[in-house]
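Q: Following this line is data15.cif, made up of mmCIF, C-alpha atoms:
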```
data_protein
#
loop_
_atom_site.label_atom_id
_atom_site.label_comp_id
_atom_site.auth_asym_id
_atom_site.auth_seq_id
_atom_site.Cartn_x
_atom_site.Cartn_y
_atom_site.Cartn_z
CA MET A 23 110.00 127.13 159.40
CA SER A 24 106.32 128.12 159.77
CA ALA A 25 103.48 126.01 158.46
CA THR A 26 102.99 128.38 155.54
CA ALA A 27 106.65 128.87 154.67
CA PRO A 28 107.91 127.09 151.57
CA ARG A 29 109.87 123.95 152.24
CA SER A 30 113.59 124.03 151.45
CA TRP A 31 116.40 121.58 150.71
CA GLY A 32 119.70 123.35 151.12
CA SER A 33 119.75 126.11 148.49
CA TRP A 34 116.52 124.88 146.88
CA ARG A 35 113.11 126.20 147.88
CA ASP A 36 109.76 124.60 147.11
CA ILE A 37 107.69 126.35 144.43
CA ARG A 38 104.91 123.78 144.39
CA ALA A 39 104.42 120.08 144.98
CA VAL A 40 103.08 117.74 142.34
CA LYS A 41 99.77 116.81 143.93
CA SER A 42 99.66 113.26 142.63
CA PHE A 43 103.27 112.63 143.69
CA GLY A 44 104.05 113.87 147.18
CA HIS A 45 107.70 112.98 146.69
CA VAL A 46 108.11 115.31 143.68
CA HIS A 47 108.41 119.11 143.99
CA PHE A 48 109.10 121.95 141.59
CA VAL A 49 111.89 123.97 143.18
CA ARG A 50 113.94 127.11 142.59
CA HIS A 51 117.60 127.54 143.50
CA GLU A 52 118.74 130.69 145.18
CA ASP A 53 120.51 131.61 141.92
CA GLY A 54 117.16 131.48 140.09
CA THR A 55 117.58 128.03 138.47
CA GLN A 56 114.41 125.98 138.48
CA GLY A 57 114.25 122.24 138.70
CA VAL A 58 112.33 119.18 139.83
CA LEU A 59 113.25 117.67 143.19
CA LYS A 60 112.65 114.03 143.86
CA SER A 61 112.77 112.18 147.17
CA PRO A 62 111.93 108.55 148.07
CA ARG A 63 108.33 107.72 147.31
CA PRO A 64 106.33 106.88 150.46
CA GLY A 65 103.94 103.94 150.60
CA ARG A 66 100.28 104.04 151.50
CA GLY A 67 101.00 104.59 155.16
CA GLY A 68 103.12 107.64 154.38
CA THR A 69 106.39 105.88 155.21
CA VAL A 70 109.23 104.80 152.95
CA ASN A 71 110.12 101.11 153.13
CA LYS A 72 113.68 99.89 153.17
CA THR A 73 113.72 98.59 149.59
CA THR A 74 112.36 101.87 148.19
CA GLN A 75 114.96 103.79 150.21
CA GLU A 76 117.82 101.62 148.92
CA ARG A 77 116.62 101.87 145.32
CA PHE A 78 116.44 105.65 145.57
CA GLN A 79 119.89 105.96 147.05
CA GLU A 80 121.30 103.74 144.32
CA GLU A 81 119.55 105.85 141.66
CA VAL A 82 121.00 109.09 143.05
CA ARG A 83 124.57 107.80 143.20
CA ARG A 84 124.45 106.20 139.75
CA MET A 85 122.77 109.18 138.08
CA GLN A 86 125.43 111.45 139.53
CA GLN A 87 128.06 109.23 137.94
CA LEU A 88 126.37 109.34 134.53
CA THR A 89 126.05 113.12 134.81
CA GLN A 90 129.74 113.45 135.71
CA HIS A 91 130.63 111.25 132.72
CA GLN A 92 128.49 113.55 130.51
CA VAL A 93 126.45 110.71 129.04
CA ALA A 94 124.24 112.29 126.39
CA GLY A 95 120.55 111.61 126.29
CA ILE A 96 119.80 111.28 129.98
CA VAL A 97 118.13 113.85 132.22
CA PRO A 98 121.13 114.94 134.36
CA VAL A 99 121.39 115.59 138.09
CA LEU A 100 121.67 119.28 138.93
CA ASP A 101 122.18 118.76 142.64
CA ALA A 102 121.80 116.11 145.31
CA ASP A 103 121.66 115.76 149.05
CA PRO A 104 125.26 115.98 150.31
CA GLN A 105 124.42 113.61 153.15
CA ASP A 106 125.08 109.90 152.78
CA PRO A 107 122.76 108.19 152.16
CA PRO A 108 121.17 110.93 150.01
CA GLN A 109 117.50 111.79 150.61
CA TRP A 110 116.84 113.91 147.54
CA PHE A 111 118.17 115.03 144.17
CA VAL A 112 117.24 117.72 141.66
CA MET A 113 116.95 117.37 137.90
CA PRO A 114 116.11 120.08 135.36
CA GLU A 115 112.56 120.70 134.19
CA ALA A 116 111.80 119.03 130.87
CA LYS A 117 108.77 118.45 128.70
CA LYS A 118 107.33 115.04 128.00
CA LEU A 119 108.55 113.75 124.64
CA SER A 120 104.98 112.84 123.70
CA ASP A 121 103.89 116.47 124.15
CA VAL A 122 106.70 117.67 121.89
CA LEU A 123 105.89 115.12 119.19
CA SER A 124 102.14 115.82 119.40
CA PRO A 125 101.76 119.54 120.24
CA GLY A 126 98.20 120.47 120.95
CA GLY A 127 97.21 116.83 120.60
CA ARG A 128 97.80 116.72 116.83
CA PRO A 129 98.93 113.34 115.44
CA ALA A 130 102.66 112.78 115.63
CA GLU A 131 104.59 112.66 112.36
CA LEU A 132 106.05 109.19 111.85
CA ARG A 133 109.52 110.31 110.83
CA GLU A 134 109.78 112.61 113.84
CA VAL A 135 108.84 109.74 116.13
CA VAL A 136 111.39 107.39 114.55
CA GLU A 137 114.11 110.04 114.79
CA ALA A 138 113.32 110.64 118.46
CA ILE A 139 113.38 106.92 119.27
CA TRP A 140 116.62 106.57 117.31
CA HIS A 141 118.18 109.10 119.71
CA VAL A 142 116.84 107.17 122.70
CA ALA A 143 118.11 103.87 121.27
CA GLY A 144 121.54 105.44 120.95
CA THR A 145 121.51 106.45 124.60
CA LEU A 146 120.32 103.03 125.76
CA ALA A 147 122.92 101.31 123.55
CA GLU A 148 125.64 103.34 125.26
CA LEU A 149 124.22 102.46 128.66
CA ALA A 150 124.10 98.78 127.70
CA ALA A 151 127.78 99.01 126.80
CA ARG A 152 128.30 100.21 130.38
CA ASP A 153 126.35 97.20 131.67
CA ILE A 154 123.31 99.34 132.54
CA ALA A 155 119.72 98.42 131.65
CA HIS A 156 116.89 100.89 132.29
CA ARG A 157 114.08 98.31 132.77
CA ASP A 158 111.30 100.93 132.81
CA ILE A 159 111.10 102.27 129.26
CA LYS A 160 107.68 103.77 128.46
CA PRO A 161 106.44 107.10 127.06
CA ASP A 162 106.18 108.75 130.50
CA ASN A 163 109.89 108.18 131.12
CA LEU A 164 111.03 109.81 127.88
CA LEU A 165 111.43 113.59 128.10
CA HIS A 166 112.66 116.36 125.83
CA TYR A 167 115.63 118.26 127.24
CA GLN A 168 117.95 120.77 125.58
CA GLY A 169 116.56 120.11 122.13
CA ARG A 170 116.69 116.31 122.12
CA PRO A 171 114.98 113.26 123.65
CA ALA A 172 116.26 112.23 127.06
CA VAL A 173 115.72 109.22 129.30
CA ALA A 174 114.53 109.75 132.88
CA ASP A 175 113.57 107.71 135.95
CA PHE A 176 116.25 105.12 136.58
CA GLY A 177 114.61 103.94 139.81
CA ILE A 178 114.58 100.24 138.89
CA ALA A 179 117.56 100.25 136.52
CA ALA A 180 120.04 97.38 136.58
CA TRP A 181 123.54 98.67 137.33
CA PRO A 182 126.87 96.83 137.52
CA GLN A 183 127.26 95.14 140.90
CA ARG A 184 123.86 96.44 142.02
CA PRO A 185 122.39 94.58 145.01
CA GLN A 186 119.32 92.44 144.27
CA LEU A 187 116.37 94.57 145.39
CA THR A 188 113.53 92.82 143.58
CA SER A 189 112.24 89.27 144.03
CA ALA A 190 112.96 86.96 141.12
CA THR A 191 109.24 86.20 140.87
CA HIS A 192 108.20 89.86 140.79
CA LYS A 193 107.28 91.62 137.56
CA MET A 194 110.04 93.98 136.51
CA GLY A 195 109.22 96.91 134.24
CA PRO A 196 106.33 98.92 132.78
CA LEU A 197 103.22 96.72 132.73
CA TYR A 198 101.90 97.38 129.20
CA PHE A 199 105.39 97.71 127.69
CA LEU A 200 106.85 94.71 129.49
CA ALA A 201 108.85 92.09 127.59
CA PRO A 202 107.62 88.52 128.17
CA GLU A 203 110.77 87.37 129.97
CA MET A 204 110.40 90.15 132.55
CA ARG A 205 106.94 89.11 133.73
CA PHE A 206 108.46 86.57 136.09
CA PRO A 207 112.21 86.94 135.57
CA GLU A 208 114.62 84.29 136.68
CA PRO A 209 117.69 85.45 138.65
CA GLY A 210 120.30 86.75 136.26
CA THR A 211 117.87 87.38 133.39
CA PRO A 212 119.52 90.09 131.24
CA ALA A 213 117.37 93.20 130.95
CA TYR A 214 118.95 94.73 127.83
CA PRO A 215 116.69 92.78 125.42
CA ALA A 216 113.68 93.87 127.47
CA ASP A 217 114.64 97.52 126.92
CA VAL A 218 114.56 96.89 123.16
CA TRP A 219 111.07 95.39 123.39
CA SER A 220 109.79 98.29 125.52
CA LEU A 221 111.33 100.93 123.27
CA ALA A 222 109.81 99.39 120.13
CA LYS A 223 106.41 99.33 121.83
CA THR A 224 106.94 102.96 122.84
CA LEU A 225 107.71 103.93 119.25
CA PHE A 226 104.48 102.31 118.12
CA VAL A 227 102.39 104.04 120.80
CA LEU A 228 103.86 107.47 120.07
CA ALA A 229 103.35 107.08 116.33
CA LYS A 230 99.86 105.66 116.65
CA GLY A 231 98.62 108.09 119.29
CA LEU A 232 97.68 105.33 121.74
CA ARG A 233 98.05 105.07 125.50
CA PHE A 234 99.03 101.40 125.46
CA PRO A 235 100.39 99.07 122.76
CA PRO A 236 98.80 95.81 121.62
CA ASP A 237 100.25 92.79 123.35
CA GLY A 238 102.83 90.46 121.86
CA THR A 239 105.28 90.54 118.98
CA GLN A 240 104.59 93.31 116.43
CA TYR A 241 103.92 90.93 113.53
CA MET A 242 104.10 92.59 110.12
CA GLN A 243 100.85 91.04 108.93
CA GLY A 244 98.78 91.94 112.00
CA ASN A 245 96.37 94.82 111.42
CA GLU A 246 96.58 95.81 115.08
CA TYR A 247 100.33 96.36 114.65
CA SER A 248 100.06 98.37 111.44
CA LEU A 249 101.39 101.92 111.02
CA TRP A 250 100.17 102.07 107.42
CA ALA A 251 97.80 104.97 108.11
CA GLN A 252 100.70 106.91 109.68
CA GLY A 253 103.29 106.33 106.95
CA GLY A 254 102.08 104.30 103.99
CA GLU A 255 104.90 102.55 102.14
CA ALA A 256 107.49 104.01 104.52
CA ALA A 257 105.68 102.32 107.40
CA MET A 258 106.03 99.01 105.59
CA ASP A 259 109.81 99.48 105.66
CA LEU A 260 109.60 100.00 109.42
CA ALA A 261 107.35 96.99 110.13
CA PRO A 262 110.08 94.29 109.99
CA VAL A 263 112.24 96.37 112.34
CA LEU A 264 109.49 96.47 114.96
CA GLU A 265 108.82 92.75 114.48
CA ALA A 266 112.49 91.90 115.02
CA ALA A 267 112.68 94.23 118.03
CA THR A 268 109.76 92.45 119.69
CA ALA A 269 110.68 88.85 118.92
CA TYR A 270 109.38 86.63 121.72
CA GLU A 271 112.73 84.93 122.36
CA GLN A 272 115.47 87.23 123.65
CA ASP A 273 118.10 85.61 121.44
CA ASP A 274 116.00 86.34 118.35
CA ARG A 275 115.46 89.98 119.26
CA LEU A 276 117.53 92.87 117.91
CA THR A 277 120.12 94.25 120.28
CA MET A 278 119.72 97.90 121.21
CA ALA A 279 122.68 98.82 119.01
CA ALA A 280 121.17 96.91 116.08
CA PHE A 281 117.77 98.53 116.69
CA ARG A 282 119.46 101.95 116.66
CA ASP A 283 121.23 101.12 113.41
CA GLU A 284 118.05 99.84 111.72
CA LEU A 285 116.23 103.04 112.67
CA ALA A 286 119.16 105.02 111.26
CA ALA A 287 118.91 103.06 108.01
CA TRP A 288 115.17 103.77 107.84
CA LEU A 289 115.80 107.48 108.38
CA GLU A 290 118.36 107.40 105.57
CA LEU A 291 115.83 105.77 103.26
CA HIS A 292 113.21 108.36 104.18
CA PRO A 293 114.99 111.72 104.54
CA GLU A 294 111.76 113.74 104.27
CA SER A 295 108.48 113.64 106.16
CA VAL A 296 106.56 110.55 105.19
CA THR A 297 103.03 110.71 103.83
CA PRO A 298 100.16 109.17 105.80
CA ALA A 299 97.95 106.77 103.85
CA HIS A 300 94.28 105.93 103.89
CA PRO A 301 93.99 102.94 106.23
CA ALA A 302 91.69 101.06 103.84
CA VAL A 303 93.89 101.37 100.75
CA ARG A 304 97.22 99.57 100.55
CA ARG A 305 99.31 99.75 97.42
CA GLY A 306 102.76 98.60 96.40
CA PHE A 307 104.80 95.44 96.72
CA ARG A 308 105.60 95.80 100.43
CA ALA A 309 101.94 96.26 101.32
CA LEU A 310 101.06 93.19 99.26
CA GLU A 311 103.86 91.25 100.93
CA ALA A 312 102.54 92.08 104.39
CA ALA A 313 99.00 91.18 103.37
CA THR A 314 100.10 87.77 102.05
CA ALA A 315 102.50 86.87 104.88
CA ASP A 316 99.68 85.53 107.01
CA VAL A 317 98.31 83.56 104.06
CA ARG A 318 101.68 81.84 103.75
CA ARG A 319 101.57 80.86 107.42
CA HIS A 320 98.15 79.25 106.91
CA GLU A 321 99.29 77.50 103.74
CA GLU A 322 102.39 76.12 105.48
CA GLU A 323 100.28 74.86 108.36
CA LEU A 324 97.90 73.13 105.95
CA ARG A 325 100.85 71.38 104.29
CA ARG A 326 102.02 70.26 107.73
CA LEU A 327 98.63 68.73 108.62
CA LEU A 328 97.92 66.86 105.38
CA PRO A 329 100.56 64.06 105.21
CA ALA A 330 99.29 62.11 108.24
CA GLN A 331 95.76 62.05 106.82
CA LEU A 332 96.95 61.13 103.31
CA ARG A 333 98.87 58.19 104.80
CA ARG A 334 95.63 57.06 106.44
CA LEU A 335 93.80 57.21 103.09
CA ALA A 336 96.62 55.36 101.31
CA THR A 337 96.51 52.63 103.94
CA ALA A 338 92.73 52.34 103.62
CA GLN A 339 92.93 52.14 99.82
CA HIS A 340 96.11 50.14 99.24
CA GLY A 341 97.14 48.71 102.60
CA GLU A 342 100.38 50.73 102.35
CA SER A 343 100.85 54.17 103.90
CA ASP A 344 103.30 55.44 101.28
CA ARG A 345 100.97 55.01 98.29
CA TRP A 346 100.21 58.71 97.92
CA LEU A 347 101.75 61.50 95.80
CA ALA A 348 103.95 63.33 98.31
CA PRO A 349 105.70 65.57 95.72
CA ALA A 350 102.37 67.10 94.69
CA LEU A 351 101.92 68.55 98.19
CA GLY A 352 104.93 70.82 97.77
CA GLU A 353 103.87 72.20 94.38
CA ARG A 354 101.80 75.31 93.85
CA HIS A 355 100.33 73.85 90.61
CA PRO A 356 100.60 70.05 90.83
CA GLU A 357 100.24 68.49 87.38
CA ASN A 358 98.78 65.17 88.44
CA VAL A 359 96.36 66.37 91.13
CA ARG A 360 93.46 68.78 90.80
CA LEU A 361 90.00 69.35 92.17
CA ILE A 362 87.10 68.78 89.83
CA GLY A 363 84.21 70.23 91.83
CA SER A 364 83.78 73.92 92.65
CA HIS A 365 83.25 73.42 96.42
CA GLY A 366 81.11 76.52 96.58
CA TYR A 367 83.82 78.86 95.38
CA PRO A 368 83.95 79.74 91.65
CA ASP A 369 81.92 78.67 88.66
CA ASP A 370 85.26 78.00 87.00
CA PRO A 371 87.08 75.35 89.08
CA GLU A 372 90.57 76.57 88.04
CA TYR A 373 91.47 77.19 91.69
CA ASP A 374 95.17 77.59 91.07
CA MET A 375 94.46 80.80 89.14
CA GLY A 376 91.95 82.34 91.53
CA VAL A 377 92.98 81.64 95.13
CA ASP A 378 95.66 83.00 97.45
CA GLY A 379 97.13 79.65 98.44
CA MET A 380 96.69 75.96 97.82
CA ALA A 381 97.91 72.52 98.95
CA LEU A 382 96.67 69.29 97.34
CA SER A 383 97.72 65.68 97.06
CA SER A 384 96.07 62.33 96.36
CA THR A 385 96.51 58.65 96.75
CA VAL A 386 97.86 56.56 93.89
CA PRO A 387 94.86 55.44 91.75
CA ASP A 388 93.61 51.94 92.43
CA THR A 389 93.05 49.31 89.72
CA ALA A 390 89.67 50.87 88.91
CA GLY A 391 91.30 54.30 88.43
CA ARG A 392 89.84 55.77 91.61
CA ARG A 393 91.92 58.28 93.56
CA LEU A 394 91.30 60.01 96.90
CA VAL A 395 92.18 63.73 96.73
CA LEU A 396 92.73 65.70 99.94
CA GLY A 397 93.84 69.27 100.56
CA GLY A 398 92.53 72.78 100.62
CA PHE A 399 92.69 76.26 99.17
CA LEU A 400 92.90 79.68 100.82
CA MET A 401 91.16 82.98 100.29
CA GLY A 402 92.83 85.39 102.66
CA THR A 403 93.31 83.40 105.84
CA VAL A 404 90.19 81.24 105.42
CA THR A 405 91.13 77.70 104.44
CA THR A 406 88.56 75.55 102.65
CA LEU A 407 89.41 71.94 103.39
CA THR A 408 88.46 69.77 100.40
CA ALA A 409 88.28 66.10 99.58
CA GLU A 410 87.09 64.21 96.53
CA ILE A 411 86.81 60.62 95.38
CA GLN A 412 87.54 60.83 91.65
CA GLN A 413 87.25 58.35 88.78
CA ASP A 414 87.71 58.97 85.05
CA GLY A 415 87.54 62.77 85.48
CA LYS A 416 84.34 62.65 87.51
CA VAL A 417 83.58 63.23 91.17
CA LEU A 418 82.05 60.25 92.93
CA ALA A 419 81.84 62.06 96.28
CA SER A 420 83.13 65.33 97.70
CA TRP A 421 83.52 67.20 100.99
CA SER A 422 84.46 70.76 102.00
CA GLU A 423 84.61 72.82 105.18
CA ASP A 424 85.96 76.30 106.00
CA VAL A 425 88.47 76.48 108.86
CA ASN A 426 91.29 78.55 110.34
CA ALA A 427 94.28 76.29 109.65
CA LEU A 428 96.20 77.64 112.66
CA LEU A 429 93.58 76.51 115.19
CA PRO A 430 93.16 73.01 116.67
CA SER A 431 89.64 72.80 115.23
CA ALA A 432 91.20 72.63 111.74
CA LEU A 433 92.90 69.30 112.50
CA VAL A 434 89.70 67.97 114.06
CA ALA A 435 87.80 68.90 110.89
CA LEU A 436 90.50 67.39 108.65
CA ARG A 437 90.41 64.10 110.58
CA ARG A 438 86.61 64.02 110.36
CA ILE A 439 86.68 64.56 106.59
CA THR A 440 89.34 61.86 106.26
CA ASP A 441 87.14 59.46 108.24
CA GLU A 442 84.21 60.20 105.93
CA VAL A 443 86.31 59.68 102.79
CA GLN A 444 87.56 56.36 104.15
CA ALA A 445 84.05 55.22 105.00
CA ALA A 446 82.68 56.25 101.59
CA TYR A 447 85.51 54.53 99.73
CA THR A 448 84.93 51.23 101.50
CA LYS A 449 81.27 51.28 100.33
CA LEU A 450 82.15 51.69 96.66
CA PRO A 451 81.46 48.67 94.47
#
```
Can you turn what I pasted into structure tokens?

A:
Amino acid sequence: MSATAPRSWGSWRDIRAVKSFGHVHFVRHEDGTQGVLKSPRPGRGGTVNKTTQERFQEEVRRMQQLTQHQVAGIVPVLDADPQDPPQWFVMPEAKKLSDVLSPGGRPAELREVVEAIWHVAGTLAELAARDIAHRDIKPDNLLHYQGRPAVADFGIAAWPQRPQLTSATHKMGPLYFLAPEMRFPEPGTPAYPADVWSLAKTLFVLAKGLRFPPDGTQYMQGNEYSLWAQGGEAAMDLAPVLEAATAYEQDDRLTMAAFRDELAAWLELHPESVTPAHPAVRRGFRALEAATADVRRHEEELRRLLPAQLRRLATAQHGESDRWLAPALGERHPENVRLIGSHGYPDDPEYDMGVDGMALSSTVPDTAGRRLVLGGFLMGTVTTLTAEIQQDGKVLASWSEDVNALLPSALVALRRITDEVQAAYTKLP
């Protein structure tokens, strides 16, 4: 073959190479069929190392099996090197799924994205039932073939009885779509939950029009994880599915079959195209629920921090750590405990009617009728820690400080305020 003649592999002739991937070529069969030929990817020195060679050979053999078994939703093998071990295989040309969902760069329609990912989840659920995990789910590996989404590139897939070809301390999967347990996987770590994580992140990226997803679990209340602008109230129905699919612990995460079924349920609830919403305007119960979920986390954390400090105050006042009103801490509107001062918030100190969250308790009044009140109230996720020394409906001394109750600095501030209340009480006549 001359230097200018097209390269050939059996009945396939090179049409053009993909410049950025020297191991990928567009080819044409002698019967006119066109396809994409893939061979082992060389390293920087232009040679193929042993591990890459073994992975490739495993991929060819396994993909041929899936093609023979007519597994739907994968990009099939049209042909492969008849030699053993195989040095190349050919798959059909297919478009990137992202290009189909966003033709001409227009924003993808949320329902179309969910329907496409539902198809992919169905394919991956069937593969999981065959003890196969893909381990490299990301937008670039999802194509559109014969009218439906299809999964490609099984180069690092986990197959039944596959030899161990990757170090246990080596990251396994697509970097920005990688589940936490796959960053440094222990031997025997199951990869099926990681596929769920990666697919949920892929759904978000395709719907949002991003290159990479935000890190971590897709918490419903996190603005960076919101698809509100893409689907309004319908997006709020999808949010808990994405949160459950990206739970940090594998055992808490949806299985691929469950993820598929939840997406199917969402599609049933929303049979028509969903309407995008203005990102700054959220209406409806589900939107309110998402907005207040984070407030509840802060309120719960405040309730967790207060008892230790109230026991300190009770000990300082009465010499007994249990001389405080524990039941009041669990009530949204405690009858026997209230703040008297405004603490810089409203002119009207009826906090229980004007704030998003609240937690208050106090010590049992001493013989002079003095009580030490400690707690806080929330506006959004800002917690105002408050303390008062009260007597006969008046404030003898008060303290307040704004904190984020989830951060360590909140406990430091609460301890400091408690110290100041203790010191002030001991100086009272």

Q: With 6 Å on each side, where is the centre of the axis-aligned box around all listed atoms of region 402-419 of chain A, and how long are its edges in Å to one decimal, as JSON?

A:
```
{"center_x": 87.6, "center_y": 71.9, "center_z": 95.4, "size_x": 23.5, "size_y": 39.0, "size_z": 32.8}
```

Q: Let me know the residues the PyMOL selection byres ((chain A and resi 99-104) around 7) catches in the file above, as JSON, numbers by chain.

A: {"A": [85, 86, 89, 97, 98, 105, 106, 108, 109, 110, 111, 112, 113, 114]}

Q: Residues of the last selection are to be written out with C-alpha atoms, as a compact mmCIF listing (two decimals), keeping the file's coordinate frame.

A:
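Heads up, here's the output in again-v4.txt:
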```
# COMPACT_ATOMS: atom_id res chain seq x y z
CA MET A 85 122.77 109.18 138.08
CA GLN A 86 125.43 111.45 139.53
CA THR A 89 126.05 113.12 134.81
CA VAL A 97 118.13 113.85 132.22
CA PRO A 98 121.13 114.94 134.36
CA GLN A 105 124.42 113.61 153.15
CA ASP A 106 125.08 109.90 152.78
CA PRO A 108 121.17 110.93 150.01
CA GLN A 109 117.50 111.79 150.61
CA TRP A 110 116.84 113.91 147.54
CA PHE A 111 118.17 115.03 144.17
CA VAL A 112 117.24 117.72 141.66
CA MET A 113 116.95 117.37 137.90
CA PRO A 114 116.11 120.08 135.36
```

Q: What's the 12 Å shell around region 320-323 of chain A, counting all atoms listed in the file, without same-chain residues fewer than 3 positions away, as a VMD selection string?

A: chain A and resid 314 to 317 326 to 329 351 to 354 377 to 382 397 to 407 425 to 430 432 to 433

Q: Report, in Å to a single decimal, how far apart CA of Ser120 (chain A) and CA of Ala229 (chain A) are.

A: 9.5 Å

Q: Could you state which residues are captured by the PyMOL selection byres ((chain A and resi 343) around 12) in this file, as a list in words?

A: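 In the shown coordinates, the PyMOL selection byres ((chain A and resi 343) around 12) covers Pro329, Ala330, Gln331, Leu332, Arg333, Arg334, Leu335, Ala336, Thr337, Ala338, Gln339, His340, Gly341, Glu342, Asp344, Arg345, Trp346, Leu347, Ala348, Thr385 and Val386 of chain A.
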
Q: Check which residues satisfy the PyMOL selection byres ((chain A and resi 178) around 7) in the file shown, then give them as an MDAnalysis selection string.

A: chainID A and resid 77 157:158 176:177 179:180

Q: CA of Arg83 (chain A) and CA of Arg170 (chain A), how far apart in Å?

A: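 Interatomic distance here is 24.1 Å.
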
Q: Which value, in Å to one decimal, gives the distance between CA of Arg360 (chain A) and CA of Thr408 (chain A)?

A: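 Calculated distance between CA of Arg360 (chain A) and CA of Thr408 (chain A) is 10.9 Å.
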
Q: Using all atoms listed in the file, pick whichever of A:Leu228, A:Val70, A:Leu221, A:Val173 has the shortest atom-to-atom distance to Ser124 (chain A).

A: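 Closest to Ser124 (chain A), using all atoms listed in the file: A:Leu228.
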
Q: Which is closer to Gln168 (chain A) than all the others in A:His141, A:Lys449, A:Arg205, A:Lys117, using all atoms listed in the file?

A: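 The closest residue to Gln168 (chain A) is A:Lys117.
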
Q: When you look at Ala147 (chain A) with a cut-off of 10 Å (counting all atoms listed in the file), what residues show up, excluding the ones that are within fewer than 6 positions of it in the same chain? I need them as a PyMOL selection string.

A: chain A and resi 141+153-155+214+217-218+277-282

Q: For a cut-off of 10 Å around (113.4, 106.2, 119.4), file coordinates, pick out all residues using only C-alpha atoms and list them as a list of chain:residue names.

A: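 Residues with an atom close enough to that point: A:Glu134, A:Val135, A:Val136, A:Glu137, A:Ala138, A:Ile139, A:Trp140, A:His141, A:Val142, A:Ala143, A:Gly144, A:Thr145, A:Leu146, A:Leu164, A:Pro171, A:Leu221, A:Ala222, A:Thr224, A:Leu225, A:Phe226, A:Leu228, A:Phe281, A:Arg282, A:Leu285.
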
Q: Which one of A:Val296, A:Thr239, A:Asp175, A:Thr73 sits closest to Asp274 (chain A) if you count all atoms listed in the file?

A: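 Under the stated criterion, the closest residue is A:Thr239.
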
Q: Neighbouring residues of Ile439 (chain A) were defined as those with any atom within 9 Å, considering all atoms listed in the file; residues of the same chain fewer than 2 positions away were excluded. Please report them as a list in words.

A: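 So, after excluding close chain neighbours, the residues are Leu407, Thr408, Ala409, Trp421, Ser422, Glu423, Val434, Ala435, Leu436, Arg437, Asp441, Glu442, Val443 and Gln444 of chain A.
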
Q: Using all atoms listed in the file, which of A:Gln272, A:Thr389, A:Ser295, A:Gln412 sits nearest Ala213 (chain A)?

A: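 Closest candidate: A:Gln272.
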
Q: Find the residues near Glu115 (chain A): any atom within 9 Å, counting all atoms listed in the file, skip ones fewer than 4 places away on the same chain, and give them as a VMD selection string.

A: chain A and resid 48 56 to 58 167

Q: Env of Ile362 (chain A): 8 Å cut, atoms = only C-alpha atoms, seq-sep filter 2 positions within chain, self excluded. Answer as a list of chain:residue names.

A: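 The neighbour list is A:Arg360, A:Ser364, A:Pro371, A:Gly415, A:Lys416, A:Val417.
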